[in-house]
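run21.cif follows (mmCIF, N, CA and C atoms):
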data_target
loop_
_atom_site.label_atom_id
_atom_site.label_comp_id
_atom_site.auth_asym_id
_atom_site.auth_seq_id
_atom_site.Cartn_x
_atom_site.Cartn_y
_atom_site.Cartn_z
N GLU P 185 6.54 -9.16 7.16
CA GLU P 185 7.79 -8.67 7.72
C GLU P 185 8.70 -8.12 6.64
N GLN P 186 8.74 -8.81 5.48
CA GLN P 186 9.62 -8.34 4.41
C GLN P 186 9.12 -7.00 3.86
N ARG P 187 7.81 -6.86 3.70
CA ARG P 187 7.28 -5.59 3.19
C ARG P 187 7.56 -4.46 4.17
N VAL P 188 7.42 -4.71 5.45
CA VAL P 188 7.72 -3.69 6.45
C VAL P 188 9.19 -3.27 6.34
N ALA P 189 10.07 -4.25 6.20
CA ALA P 189 11.51 -3.95 6.06
C ALA P 189 11.77 -3.12 4.82
N LEU P 190 11.09 -3.41 3.71
CA LEU P 190 11.28 -2.64 2.49
C LEU P 190 10.77 -1.21 2.65
N VAL P 191 9.64 -1.05 3.30
CA VAL P 191 9.11 0.31 3.53
C VAL P 191 10.03 1.08 4.46
N GLU P 192 10.53 0.42 5.50
CA GLU P 192 11.48 1.09 6.41
C GLU P 192 12.71 1.55 5.64
N LYS P 193 13.21 0.71 4.75
CA LYS P 193 14.38 1.07 3.95
C LYS P 193 14.08 2.27 3.05
N ALA P 194 12.87 2.30 2.50
CA ALA P 194 12.49 3.41 1.62
C ALA P 194 12.47 4.74 2.36
N PHE P 195 12.19 4.70 3.66
CA PHE P 195 12.07 5.92 4.44
C PHE P 195 13.21 6.13 5.44
N THR P 196 14.33 5.48 5.21
CA THR P 196 15.48 5.58 6.12
C THR P 196 15.88 7.02 6.39
N SER P 197 15.88 7.84 5.38
CA SER P 197 16.33 9.23 5.54
C SER P 197 15.25 10.15 6.12
N GLU P 198 14.05 9.65 6.26
CA GLU P 198 12.94 10.46 6.81
C GLU P 198 12.79 10.17 8.29
N LYS P 199 13.42 10.95 9.12
CA LYS P 199 13.45 10.70 10.56
C LYS P 199 12.09 10.87 11.24
N LYS P 200 11.16 11.58 10.61
CA LYS P 200 9.85 11.80 11.22
C LYS P 200 8.85 10.71 10.87
N ILE P 201 9.27 9.73 10.06
CA ILE P 201 8.37 8.65 9.66
C ILE P 201 8.74 7.38 10.41
N ARG P 202 7.73 6.78 11.03
CA ARG P 202 7.92 5.53 11.75
C ARG P 202 7.02 4.49 11.09
N VAL P 203 7.56 3.35 10.75
CA VAL P 203 6.81 2.28 10.11
C VAL P 203 6.42 1.27 11.18
N THR P 204 5.12 1.00 11.27
CA THR P 204 4.64 0.03 12.24
C THR P 204 3.55 -0.83 11.60
N THR P 205 3.21 -1.89 12.26
CA THR P 205 2.08 -2.71 11.84
C THR P 205 1.10 -2.80 13.01
N TYR P 206 -0.11 -3.16 12.68
CA TYR P 206 -1.12 -3.37 13.72
C TYR P 206 -2.17 -4.34 13.22
N HIS P 207 -2.89 -4.93 14.16
CA HIS P 207 -3.91 -5.93 13.82
C HIS P 207 -5.19 -5.62 14.58
N GLU P 208 -5.69 -4.43 14.37
CA GLU P 208 -6.91 -3.98 15.04
C GLU P 208 -7.55 -2.91 14.15
N LEU P 209 -8.64 -2.36 14.59
CA LEU P 209 -9.25 -1.26 13.84
C LEU P 209 -8.27 -0.10 13.75
N THR P 210 -8.24 0.54 12.61
CA THR P 210 -7.33 1.67 12.42
C THR P 210 -7.56 2.75 13.46
N VAL P 211 -8.82 3.06 13.77
CA VAL P 211 -9.09 4.11 14.75
C VAL P 211 -8.64 3.70 16.15
N ASP P 212 -8.72 2.40 16.46
CA ASP P 212 -8.22 1.95 17.76
C ASP P 212 -6.70 2.09 17.83
N TYR P 213 -6.03 1.76 16.73
CA TYR P 213 -4.58 1.92 16.69
C TYR P 213 -4.22 3.41 16.76
N ALA P 214 -4.97 4.23 16.05
CA ALA P 214 -4.72 5.68 16.08
C ALA P 214 -4.83 6.21 17.51
N LYS P 215 -5.84 5.77 18.22
CA LYS P 215 -5.99 6.19 19.62
C LYS P 215 -4.82 5.71 20.47
N ALA P 216 -4.40 4.46 20.23
CA ALA P 216 -3.30 3.88 21.02
C ALA P 216 -2.00 4.66 20.85
N ILE P 217 -1.77 5.20 19.66
CA ILE P 217 -0.53 5.96 19.43
C ILE P 217 -0.77 7.47 19.52
N GLU P 218 -1.97 7.84 19.96
CA GLU P 218 -2.37 9.23 20.16
C GLU P 218 -2.34 10.05 18.87
N ALA P 219 -2.72 9.40 17.77
CA ALA P 219 -2.82 10.11 16.48
C ALA P 219 -4.16 10.84 16.44
N GLN P 220 -4.17 11.97 15.79
CA GLN P 220 -5.40 12.75 15.65
C GLN P 220 -5.93 12.70 14.23
N VAL P 221 -5.08 12.29 13.29
CA VAL P 221 -5.44 12.30 11.88
C VAL P 221 -4.97 11.02 11.21
N VAL P 222 -5.81 10.46 10.34
CA VAL P 222 -5.45 9.33 9.49
C VAL P 222 -5.34 9.88 8.07
N VAL P 223 -4.19 9.67 7.44
CA VAL P 223 -3.97 10.15 6.08
C VAL P 223 -4.11 8.98 5.12
N ARG P 224 -4.94 9.17 4.10
CA ARG P 224 -5.20 8.14 3.10
C ARG P 224 -4.90 8.70 1.72
N GLY P 225 -4.61 7.82 0.79
CA GLY P 225 -4.30 8.24 -0.57
C GLY P 225 -5.39 7.84 -1.55
N LEU P 226 -5.65 8.70 -2.51
CA LEU P 226 -6.65 8.43 -3.54
C LEU P 226 -5.98 8.45 -4.90
N ARG P 227 -6.20 7.39 -5.68
CA ARG P 227 -5.64 7.33 -7.03
C ARG P 227 -6.73 7.52 -8.08
N VAL P 228 -7.79 6.77 -7.94
CA VAL P 228 -8.87 6.78 -8.94
C VAL P 228 -10.20 6.93 -8.22
N PHE P 229 -11.25 7.14 -9.00
CA PHE P 229 -12.56 7.39 -8.41
C PHE P 229 -13.03 6.26 -7.49
N SER P 230 -12.75 5.03 -7.88
CA SER P 230 -13.18 3.91 -7.03
C SER P 230 -12.51 3.96 -5.66
N ASP P 231 -11.28 4.49 -5.58
CA ASP P 231 -10.63 4.69 -4.29
C ASP P 231 -11.44 5.66 -3.45
N PHE P 232 -11.93 6.73 -4.08
CA PHE P 232 -12.70 7.73 -3.35
C PHE P 232 -13.94 7.09 -2.72
N GLU P 233 -14.65 6.30 -3.48
CA GLU P 233 -15.87 5.67 -2.97
C GLU P 233 -15.56 4.78 -1.76
N TYR P 234 -14.53 3.95 -1.88
CA TYR P 234 -14.14 3.07 -0.79
C TYR P 234 -13.69 3.88 0.42
N GLU P 235 -12.81 4.84 0.20
CA GLU P 235 -12.27 5.64 1.31
C GLU P 235 -13.34 6.50 1.97
N PHE P 236 -14.30 6.97 1.19
CA PHE P 236 -15.39 7.76 1.75
C PHE P 236 -16.21 6.91 2.73
N ARG P 237 -16.55 5.70 2.32
CA ARG P 237 -17.31 4.81 3.20
C ARG P 237 -16.50 4.46 4.46
N MET P 238 -15.19 4.20 4.26
CA MET P 238 -14.34 3.87 5.40
C MET P 238 -14.22 5.05 6.35
N SER P 239 -14.10 6.25 5.80
CA SER P 239 -14.01 7.45 6.61
C SER P 239 -15.27 7.66 7.45
N LEU P 240 -16.43 7.43 6.83
CA LEU P 240 -17.69 7.57 7.58
C LEU P 240 -17.78 6.55 8.71
N ALA P 241 -17.35 5.32 8.44
CA ALA P 241 -17.36 4.29 9.49
C ALA P 241 -16.40 4.68 10.61
N ASN P 242 -15.21 5.14 10.23
CA ASN P 242 -14.24 5.55 11.25
C ASN P 242 -14.75 6.73 12.06
N ARG P 243 -15.43 7.65 11.40
CA ARG P 243 -16.00 8.80 12.12
C ARG P 243 -17.06 8.34 13.12
N GLN P 244 -17.83 7.33 12.75
CA GLN P 244 -18.84 6.78 13.66
C GLN P 244 -18.17 6.13 14.87
N LEU P 245 -17.08 5.42 14.63
CA LEU P 245 -16.38 4.71 15.70
C LEU P 245 -15.54 5.64 16.57
N ALA P 246 -14.97 6.67 15.94
CA ALA P 246 -14.07 7.57 16.67
C ALA P 246 -14.21 8.98 16.12
N PRO P 247 -15.23 9.73 16.58
CA PRO P 247 -15.49 11.07 16.05
C PRO P 247 -14.34 12.06 16.26
N ASP P 248 -13.45 11.76 17.18
CA ASP P 248 -12.34 12.68 17.47
C ASP P 248 -11.14 12.49 16.54
N ILE P 249 -11.17 11.50 15.67
CA ILE P 249 -10.07 11.27 14.75
C ILE P 249 -10.50 11.67 13.34
N GLU P 250 -9.73 12.57 12.73
CA GLU P 250 -10.03 13.06 11.39
C GLU P 250 -9.39 12.18 10.33
N THR P 251 -9.98 12.16 9.16
CA THR P 251 -9.38 11.49 8.01
C THR P 251 -9.09 12.55 6.95
N VAL P 252 -7.87 12.53 6.43
CA VAL P 252 -7.46 13.43 5.37
C VAL P 252 -7.08 12.58 4.17
N ALA P 253 -7.63 12.93 3.00
CA ALA P 253 -7.33 12.20 1.77
C ALA P 253 -6.47 13.05 0.86
N LEU P 254 -5.40 12.46 0.37
CA LEU P 254 -4.50 13.13 -0.57
C LEU P 254 -4.67 12.49 -1.94
N ILE P 255 -4.80 13.31 -2.96
CA ILE P 255 -4.99 12.83 -4.32
C ILE P 255 -3.62 12.72 -4.99
N THR P 256 -3.37 11.59 -5.65
CA THR P 256 -2.09 11.37 -6.31
C THR P 256 -1.96 12.20 -7.58
N SER P 257 -0.75 12.31 -8.06
CA SER P 257 -0.53 12.96 -9.36
C SER P 257 -0.96 12.00 -10.45
N LYS P 258 -1.26 12.53 -11.62
CA LYS P 258 -1.73 11.67 -12.71
C LYS P 258 -0.68 10.64 -13.12
N GLU P 259 0.59 10.96 -12.93
CA GLU P 259 1.66 10.03 -13.29
C GLU P 259 1.63 8.75 -12.45
N HIS P 260 1.05 8.82 -11.27
CA HIS P 260 1.02 7.66 -10.38
C HIS P 260 -0.37 7.08 -10.20
N SER P 261 -1.34 7.57 -10.91
CA SER P 261 -2.72 7.13 -10.69
C SER P 261 -2.95 5.66 -11.03
N PHE P 262 -2.14 5.10 -11.92
CA PHE P 262 -2.29 3.69 -12.30
C PHE P 262 -1.59 2.75 -11.33
N LEU P 263 -0.74 3.28 -10.49
CA LEU P 263 0.15 2.47 -9.68
C LEU P 263 -0.55 1.87 -8.48
N SER P 264 -0.41 0.56 -8.34
CA SER P 264 -0.92 -0.14 -7.16
C SER P 264 0.00 -1.32 -6.90
N SER P 265 -0.05 -1.83 -5.69
CA SER P 265 0.79 -2.99 -5.38
C SER P 265 0.41 -4.18 -6.24
N THR P 266 -0.87 -4.31 -6.55
CA THR P 266 -1.32 -5.41 -7.42
C THR P 266 -0.70 -5.29 -8.80
N THR P 267 -0.71 -4.10 -9.37
CA THR P 267 -0.13 -3.88 -10.69
C THR P 267 1.36 -4.18 -10.68
N VAL P 268 2.06 -3.68 -9.66
CA VAL P 268 3.50 -3.90 -9.57
C VAL P 268 3.80 -5.39 -9.46
N ARG P 269 3.08 -6.10 -8.59
CA ARG P 269 3.32 -7.54 -8.44
C ARG P 269 3.04 -8.29 -9.73
N GLU P 270 1.97 -7.91 -10.42
CA GLU P 270 1.64 -8.60 -11.65
C GLU P 270 2.69 -8.38 -12.72
N VAL P 271 3.11 -7.14 -12.92
CA VAL P 271 4.14 -6.84 -13.91
C VAL P 271 5.42 -7.60 -13.57
N ALA P 272 5.82 -7.57 -12.30
CA ALA P 272 7.04 -8.26 -11.88
C ALA P 272 6.91 -9.77 -12.08
N SER P 273 5.72 -10.32 -11.81
CA SER P 273 5.53 -11.77 -11.95
C SER P 273 5.66 -12.22 -13.40
N LEU P 274 5.45 -11.29 -14.31
CA LEU P 274 5.56 -11.60 -15.75
C LEU P 274 6.92 -11.14 -16.30
N ASP P 275 7.87 -10.94 -15.41
CA ASP P 275 9.22 -10.50 -15.76
C ASP P 275 9.25 -9.14 -16.45
N GLY P 276 8.26 -8.29 -16.13
CA GLY P 276 8.24 -6.93 -16.67
C GLY P 276 9.14 -6.02 -15.86
N ASP P 277 9.48 -4.90 -16.42
CA ASP P 277 10.37 -3.94 -15.79
C ASP P 277 9.58 -3.00 -14.88
N VAL P 278 9.77 -3.13 -13.59
CA VAL P 278 9.07 -2.28 -12.63
C VAL P 278 9.98 -1.19 -12.06
N SER P 279 11.12 -0.98 -12.70
CA SER P 279 12.10 -0.02 -12.16
C SER P 279 11.58 1.41 -12.12
N SER P 280 10.59 1.74 -12.95
CA SER P 280 10.02 3.08 -12.90
C SER P 280 8.90 3.18 -11.86
N MET P 281 8.55 2.06 -11.24
CA MET P 281 7.43 2.03 -10.30
C MET P 281 7.85 1.90 -8.85
N VAL P 282 9.02 1.32 -8.61
CA VAL P 282 9.47 1.05 -7.24
C VAL P 282 10.97 1.30 -7.13
N PRO P 283 11.48 1.50 -5.92
CA PRO P 283 12.93 1.63 -5.74
C PRO P 283 13.65 0.35 -6.19
N ALA P 284 14.92 0.49 -6.53
CA ALA P 284 15.70 -0.64 -7.03
C ALA P 284 15.70 -1.82 -6.07
N PHE P 285 15.80 -1.56 -4.76
CA PHE P 285 15.83 -2.66 -3.80
C PHE P 285 14.50 -3.41 -3.73
N VAL P 286 13.41 -2.75 -4.02
CA VAL P 286 12.11 -3.42 -4.07
C VAL P 286 12.03 -4.28 -5.33
N LYS P 287 12.51 -3.74 -6.44
CA LYS P 287 12.55 -4.52 -7.68
C LYS P 287 13.35 -5.80 -7.47
N GLU P 288 14.50 -5.68 -6.82
CA GLU P 288 15.34 -6.85 -6.54
C GLU P 288 14.61 -7.87 -5.66
N ALA P 289 13.90 -7.38 -4.66
CA ALA P 289 13.15 -8.28 -3.77
C ALA P 289 12.03 -9.00 -4.53
N LEU P 290 11.35 -8.28 -5.41
CA LEU P 290 10.30 -8.89 -6.21
C LEU P 290 10.87 -9.95 -7.16
N THR P 291 11.96 -9.61 -7.81
CA THR P 291 12.61 -10.55 -8.74
C THR P 291 13.01 -11.81 -7.99
N ALA P 292 13.59 -11.65 -6.82
CA ALA P 292 14.01 -12.81 -6.02
C ALA P 292 12.82 -13.64 -5.58
N ARG P 293 11.76 -12.97 -5.16
CA ARG P 293 10.57 -13.70 -4.68
C ARG P 293 9.92 -14.50 -5.81
N PHE P 294 9.78 -13.91 -6.99
CA PHE P 294 9.15 -14.64 -8.09
C PHE P 294 10.05 -15.75 -8.62
N ALA P 295 11.36 -15.58 -8.55
CA ALA P 295 12.28 -16.66 -8.92
C ALA P 295 12.15 -17.81 -7.93
N GLU P 296 12.02 -17.49 -6.65
CA GLU P 296 11.82 -18.50 -5.61
C GLU P 296 10.51 -19.26 -5.83
N MET P 297 9.46 -18.52 -6.15
CA MET P 297 8.15 -19.16 -6.39
C MET P 297 8.23 -20.12 -7.57
N LYS P 298 8.88 -19.68 -8.64
CA LYS P 298 9.01 -20.54 -9.83
C LYS P 298 9.83 -21.78 -9.51
N ALA P 299 10.91 -21.61 -8.74
CA ALA P 299 11.76 -22.74 -8.37
C ALA P 299 11.01 -23.75 -7.50
N ASN P 300 10.08 -23.26 -6.70
CA ASN P 300 9.28 -24.13 -5.82
C ASN P 300 8.03 -24.66 -6.50
N GLY P 301 7.84 -24.31 -7.77
CA GLY P 301 6.67 -24.78 -8.50
C GLY P 301 5.37 -24.13 -8.09
N GLU P 302 5.47 -22.97 -7.42
CA GLU P 302 4.26 -22.24 -7.02
C GLU P 302 3.68 -21.56 -8.25
N SER P 303 2.37 -21.43 -8.28
CA SER P 303 1.72 -20.81 -9.44
C SER P 303 2.07 -19.34 -9.53
N ASP P 304 2.02 -18.82 -10.75
CA ASP P 304 2.30 -17.41 -11.00
C ASP P 304 1.27 -16.55 -10.31
N TYR P 305 1.70 -15.35 -9.92
CA TYR P 305 0.78 -14.37 -9.37
C TYR P 305 0.18 -13.59 -10.53
N ILE P 306 -1.07 -13.83 -10.84
CA ILE P 306 -1.74 -13.09 -11.91
C ILE P 306 -3.09 -12.61 -11.37
N ALA P 307 -3.27 -11.31 -11.36
CA ALA P 307 -4.50 -10.74 -10.81
C ALA P 307 -5.41 -10.16 -11.89
N SER P 308 -4.86 -9.77 -13.03
CA SER P 308 -5.66 -9.18 -14.10
C SER P 308 -5.03 -9.51 -15.44
N PRO P 309 -5.64 -9.12 -16.52
CA PRO P 309 -5.21 -9.61 -17.83
C PRO P 309 -4.02 -8.90 -18.48
N LEU P 310 -3.01 -8.49 -17.73
CA LEU P 310 -1.85 -7.88 -18.37
C LEU P 310 -1.10 -8.90 -19.23
N ARG P 311 -1.28 -10.17 -18.92
CA ARG P 311 -0.58 -11.23 -19.64
C ARG P 311 -1.13 -11.38 -21.06
N ASP P 312 -2.40 -11.18 -21.28
CA ASP P 312 -3.06 -11.46 -22.58
C ASP P 312 -2.82 -10.38 -23.59
#

Would you kindly transcribe this structure into structure tokens?
Amino acid sequence: EQRVALVEKAFTSEKKIRVTTYHELTVDYAKAIEAQVVVRGLRVFSDFEYEFRMSLANRQLAPDIETVALITSKEHSFLSSTTVREVASLDGDVSSMVPAFVKEALTARFAEMKANGESDYIASPLRD
């Protein structure tokens, strides 16, 4: 719920964007909202491999729904939610990666986790 609220805030000025969640196959949700195209983002080659397989599966399940992949700029190719969470969990500066209100939410969440004695969020070796 908090992530949805943050994404909604990020797109407040974009009247043509609607933020929703779903708990079913993407193609089933696409059909339910009468979407004809699923747009996916590619950062690195491993994304392409995963998205290609997913696109083929979706095509098998729903041949009438197209998948379009957009390639990121090189400046953002390293960026992922995992990287942002990890940097933030180590008190790193994520201000160049996310809007200020997201940085504040991350800072608050990791402070709350530390106060509650929850273990640090570490997914890869940025700490070492």

For this session: Return the single residue from P:Ser197, P:Gln244, P:Thr210, P:Leu254 that is closest to Arg224 of chain P, with distances computed using only N, CA and C atoms.
Result: P:Leu254

Problem set entry | Which of P:Glu302, P:Phe236, P:Ile249, P:Val286 sits closest to Lys215 of chain P [using only N, CA and C atoms] | P:Ile249

Exercise. To one decimal place, how far is atom CA of Asp277 of chain P from atom C of Lys298 of chain P in Å?
Worked result: 18.9 Å

For this session: Grab the atom CA of Val222 of chain P to atom CA of Lys199 of chain P distance for me, in Å with one decimal place.
Result: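 Answer for the atom CA of Val222 of chain P to atom CA of Lys199 of chain P separation: 19.0 Å.
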
Exercise. Written as a PyMOL selection string, which residues does the PyMOL selection byres ((chain P and resi 203) around 8) give for the file shown?
Worked result: chain P and resi 188+191-192+200-202+204-205

Only N, CA and C atoms, please: the residues just picked out, written as a short mmCIF file (atom, residue, chain, number, x, y, z; two decimals), in the frame of the given file.
data_model
loop_
_atom_site.label_atom_id
_atom_site.label_comp_id
_atom_site.auth_asym_id
_atom_site.auth_seq_id
_atom_site.Cartn_x
_atom_site.Cartn_y
_atom_site.Cartn_z
N VAL P 188 7.42 -4.71 5.45
CA VAL P 188 7.72 -3.69 6.45
C VAL P 188 9.19 -3.27 6.34
N VAL P 191 9.64 -1.05 3.30
CA VAL P 191 9.11 0.31 3.53
C VAL P 191 10.03 1.08 4.46
N GLU P 192 10.53 0.42 5.50
CA GLU P 192 11.48 1.09 6.41
C GLU P 192 12.71 1.55 5.64
N LYS P 200 11.16 11.58 10.61
CA LYS P 200 9.85 11.80 11.22
C LYS P 200 8.85 10.71 10.87
N ILE P 201 9.27 9.73 10.06
CA ILE P 201 8.37 8.65 9.66
C ILE P 201 8.74 7.38 10.41
N ARG P 202 7.73 6.78 11.03
CA ARG P 202 7.92 5.53 11.75
C ARG P 202 7.02 4.49 11.09
N THR P 204 5.12 1.00 11.27
CA THR P 204 4.64 0.03 12.24
C THR P 204 3.55 -0.83 11.60
N THR P 205 3.21 -1.89 12.26
CA THR P 205 2.08 -2.71 11.84
C THR P 205 1.10 -2.80 13.01
#

For this session: Report the distance between atom CA of Thr291 of chain P and atom CA of His260 of chain P in Å, rounded to one decimal place.
Result: 21.6 Å

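Using only C-alpha atoms, the shortest contact distance between Asp248 of chain P and any of P:Asn300, P:Ser261, P:Gln186, P:Gln220 is found at P:Gln220.
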
Problem set entry | Reference answer for the PyMOL selection byres (((chain P and resi 263 and name CA) around 12) and name CA), as a ChimeraX atom specification | /P:225-228,256-262,264-271,278,280-282

Could the residues in this selection be saved with N, CA and C atoms as a PDB file, in the frame of the given file?
ATOM      1  N   GLY P 225      -4.610   7.820   0.790  1.00  0.00           N
ATOM      2  CA  GLY P 225      -4.300   8.240  -0.570  1.00  0.00           C
ATOM      3  C   GLY P 225      -5.390   7.840  -1.550  1.00  0.00           C
ATOM      4  N   LEU P 226      -5.650   8.700  -2.510  1.00  0.00           N
ATOM      5  CA  LEU P 226      -6.650   8.430  -3.540  1.00  0.00           C
ATOM      6  C   LEU P 226      -5.980   8.450  -4.900  1.00  0.00           C
ATOM      7  N   ARG P 227      -6.200   7.390  -5.680  1.00  0.00           N
ATOM      8  CA  ARG P 227      -5.640   7.330  -7.030  1.00  0.00           C
ATOM      9  C   ARG P 227      -6.730   7.520  -8.080  1.00  0.00           C
ATOM     10  N   VAL P 228      -7.790   6.770  -7.940  1.00  0.00           N
ATOM     11  CA  VAL P 228      -8.870   6.780  -8.940  1.00  0.00           C
ATOM     12  C   VAL P 228     -10.200   6.930  -8.220  1.00  0.00           C
ATOM     13  N   THR P 256      -3.370  11.590  -5.650  1.00  0.00           N
ATOM     14  CA  THR P 256      -2.090  11.370  -6.310  1.00  0.00           C
ATOM     15  C   THR P 256      -1.960  12.200  -7.580  1.00  0.00           C
ATOM     16  N   SER P 257      -0.750  12.310  -8.060  1.00  0.00           N
ATOM     17  CA  SER P 257      -0.530  12.960  -9.360  1.00  0.00           C
ATOM     18  C   SER P 257      -0.960  12.000 -10.450  1.00  0.00           C
ATOM     19  N   LYS P 258      -1.260  12.530 -11.620  1.00  0.00           N
ATOM     20  CA  LYS P 258      -1.730  11.670 -12.710  1.00  0.00           C
ATOM     21  C   LYS P 258      -0.680  10.640 -13.120  1.00  0.00           C
ATOM     22  N   GLU P 259       0.590  10.960 -12.930  1.00  0.00           N
ATOM     23  CA  GLU P 259       1.660  10.030 -13.290  1.00  0.00           C
ATOM     24  C   GLU P 259       1.630   8.750 -12.450  1.00  0.00           C
ATOM     25  N   HIS P 260       1.050   8.820 -11.270  1.00  0.00           N
ATOM     26  CA  HIS P 260       1.020   7.660 -10.380  1.00  0.00           C
ATOM     27  C   HIS P 260      -0.370   7.080 -10.200  1.00  0.00           C
ATOM     28  N   SER P 261      -1.340   7.570 -10.910  1.00  0.00           N
ATOM     29  CA  SER P 261      -2.720   7.130 -10.690  1.00  0.00           C
ATOM     30  C   SER P 261      -2.950   5.660 -11.030  1.00  0.00           C
ATOM     31  N   PHE P 262      -2.140   5.100 -11.920  1.00  0.00           N
ATOM     32  CA  PHE P 262      -2.290   3.690 -12.300  1.00  0.00           C
ATOM     33  C   PHE P 262      -1.590   2.750 -11.330  1.00  0.00           C
ATOM     34  N   SER P 264      -0.410   0.560  -8.340  1.00  0.00           N
ATOM     35  CA  SER P 264      -0.920  -0.140  -7.160  1.00  0.00           C
ATOM     36  C   SER P 264       0.000  -1.320  -6.900  1.00  0.00           C
ATOM     37  N   SER P 265      -0.050  -1.830  -5.690  1.00  0.00           N
ATOM     38  CA  SER P 265       0.790  -2.990  -5.380  1.00  0.00           C
ATOM     39  C   SER P 265       0.410  -4.180  -6.240  1.00  0.00           C
ATOM     40  N   THR P 266      -0.870  -4.310  -6.550  1.00  0.00           N
ATOM     41  CA  THR P 266      -1.320  -5.410  -7.420  1.00  0.00           C
ATOM     42  C   THR P 266      -0.700  -5.290  -8.800  1.00  0.00           C
ATOM     43  N   THR P 267      -0.710  -4.100  -9.370  1.00  0.00           N
ATOM     44  CA  THR P 267      -0.130  -3.880 -10.690  1.00  0.00           C
ATOM     45  C   THR P 267       1.360  -4.180 -10.680  1.00  0.00           C
ATOM     46  N   VAL P 268       2.060  -3.680  -9.660  1.00  0.00           N
ATOM     47  CA  VAL P 268       3.500  -3.900  -9.570  1.00  0.00           C
ATOM     48  C   VAL P 268       3.800  -5.390  -9.460  1.00  0.00           C
ATOM     49  N   ARG P 269       3.080  -6.100  -8.590  1.00  0.00           N
ATOM     50  CA  ARG P 269       3.320  -7.540  -8.440  1.00  0.00           C
ATOM     51  C   ARG P 269       3.040  -8.290  -9.730  1.00  0.00           C
ATOM     52  N   GLU P 270       1.970  -7.910 -10.420  1.00  0.00           N
ATOM     53  CA  GLU P 270       1.640  -8.600 -11.650  1.00  0.00           C
ATOM     54  C   GLU P 270       2.690  -8.380 -12.720  1.00  0.00           C
ATOM     55  N   VAL P 271       3.110  -7.140 -12.920  1.00  0.00           N
ATOM     56  CA  VAL P 271       4.140  -6.840 -13.910  1.00  0.00           C
ATOM     57  C   VAL P 271       5.420  -7.600 -13.570  1.00  0.00           C
ATOM     58  N   VAL P 278       9.770  -3.130 -13.590  1.00  0.00           N
ATOM     59  CA  VAL P 278       9.070  -2.280 -12.630  1.00  0.00           C
ATOM     60  C   VAL P 278       9.980  -1.190 -12.060  1.00  0.00           C
ATOM     61  N   SER P 280      10.590   1.740 -12.950  1.00  0.00           N
ATOM     62  CA  SER P 280      10.020   3.080 -12.900  1.00  0.00           C
ATOM     63  C   SER P 280       8.900   3.180 -11.860  1.00  0.00           C
ATOM     64  N   MET P 281       8.550   2.060 -11.240  1.00  0.00           N
ATOM     65  CA  MET P 281       7.430   2.030 -10.300  1.00  0.00           C
ATOM     66  C   MET P 281       7.850   1.900  -8.850  1.00  0.00           C
ATOM     67  N   VAL P 282       9.020   1.320  -8.610  1.00  0.00           N
ATOM     68  CA  VAL P 282       9.470   1.050  -7.240  1.00  0.00           C
ATOM     69  C   VAL P 282      10.970   1.300  -7.130  1.00  0.00           C
TER      70      VAL P 282
END

Give the strand (DSSP E or B) residues of chain P, as DSSP finds them on the backbone, and put them as a short mmCIF file (atom, residue, chain, number, x, y, z; two decimals) with N, CA and C atoms, in the frame of the given file.
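The result, stored in part24.cif:
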data_model
loop_
_atom_site.label_atom_id
_atom_site.label_comp_id
_atom_site.auth_asym_id
_atom_site.auth_seq_id
_atom_site.Cartn_x
_atom_site.Cartn_y
_atom_site.Cartn_z
N VAL P 221 -5.08 12.29 13.29
CA VAL P 221 -5.44 12.30 11.88
C VAL P 221 -4.97 11.02 11.21
N VAL P 222 -5.81 10.46 10.34
CA VAL P 222 -5.45 9.33 9.49
C VAL P 222 -5.34 9.88 8.07
N VAL P 223 -4.19 9.67 7.44
CA VAL P 223 -3.97 10.15 6.08
C VAL P 223 -4.11 8.98 5.12
N ARG P 224 -4.94 9.17 4.10
CA ARG P 224 -5.20 8.14 3.10
C ARG P 224 -4.90 8.70 1.72
N GLY P 225 -4.61 7.82 0.79
CA GLY P 225 -4.30 8.24 -0.57
C GLY P 225 -5.39 7.84 -1.55
N LEU P 226 -5.65 8.70 -2.51
CA LEU P 226 -6.65 8.43 -3.54
C LEU P 226 -5.98 8.45 -4.90
N GLU P 250 -9.73 12.57 12.73
CA GLU P 250 -10.03 13.06 11.39
C GLU P 250 -9.39 12.18 10.33
N THR P 251 -9.98 12.16 9.16
CA THR P 251 -9.38 11.49 8.01
C THR P 251 -9.09 12.55 6.95
N VAL P 252 -7.87 12.53 6.43
CA VAL P 252 -7.46 13.43 5.37
C VAL P 252 -7.08 12.58 4.17
N ALA P 253 -7.63 12.93 3.00
CA ALA P 253 -7.33 12.20 1.77
C ALA P 253 -6.47 13.05 0.86
N LEU P 254 -5.40 12.46 0.37
CA LEU P 254 -4.50 13.13 -0.57
C LEU P 254 -4.67 12.49 -1.94
N ILE P 255 -4.80 13.31 -2.96
CA ILE P 255 -4.99 12.83 -4.32
C ILE P 255 -3.62 12.72 -4.99
#

Exercise. Of the residues P:Arg187, P:Phe229, P:Ser239, P:Ala246, which is the one nearest to Asp212 of chain P, using only C-alpha atoms?
Worked result: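 Selected residue with least distance to Asp212 of chain P: P:Ala246.
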
Exercise. Looking at all atoms listed in the file, which of P:Val223, P:Met238, P:Ala194, P:Ala253 is the one that sits closest to Pro283 of chain P?
Worked result: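 Ranking P:Val223, P:Met238, P:Ala194, P:Ala253 by distance to Pro283 of chain P, first place goes to P:Ala194.
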
For this session: Write out as a list of chain:residue names all residues of segment 216-272 of chain P that DSSP puts in alpha helix (DSSP H) for this structure's backbone.
Result: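 Everything in segment 216-272 of chain P that counts as alpha helix (DSSP H) is P:Ala216, P:Phe229, P:Ser230, P:Asp231, P:Phe232, P:Glu233, P:Tyr234, P:Glu235, P:Phe236, P:Arg237, P:Met238, P:Ser239, P:Leu240, P:Ala241, P:Asn242, P:Arg243, P:Gln244, P:Leu245, P:Ser265, P:Thr266, P:Thr267, P:Val268, P:Arg269, P:Glu270, P:Val271, P:Ala272.
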
For this session: Using all atoms listed in the file, find the one residue out of P:Ile217, P:Ala284, P:Leu245, P:Leu290 that sits nearest to Ala272 of chain P.
Result: P:Leu290
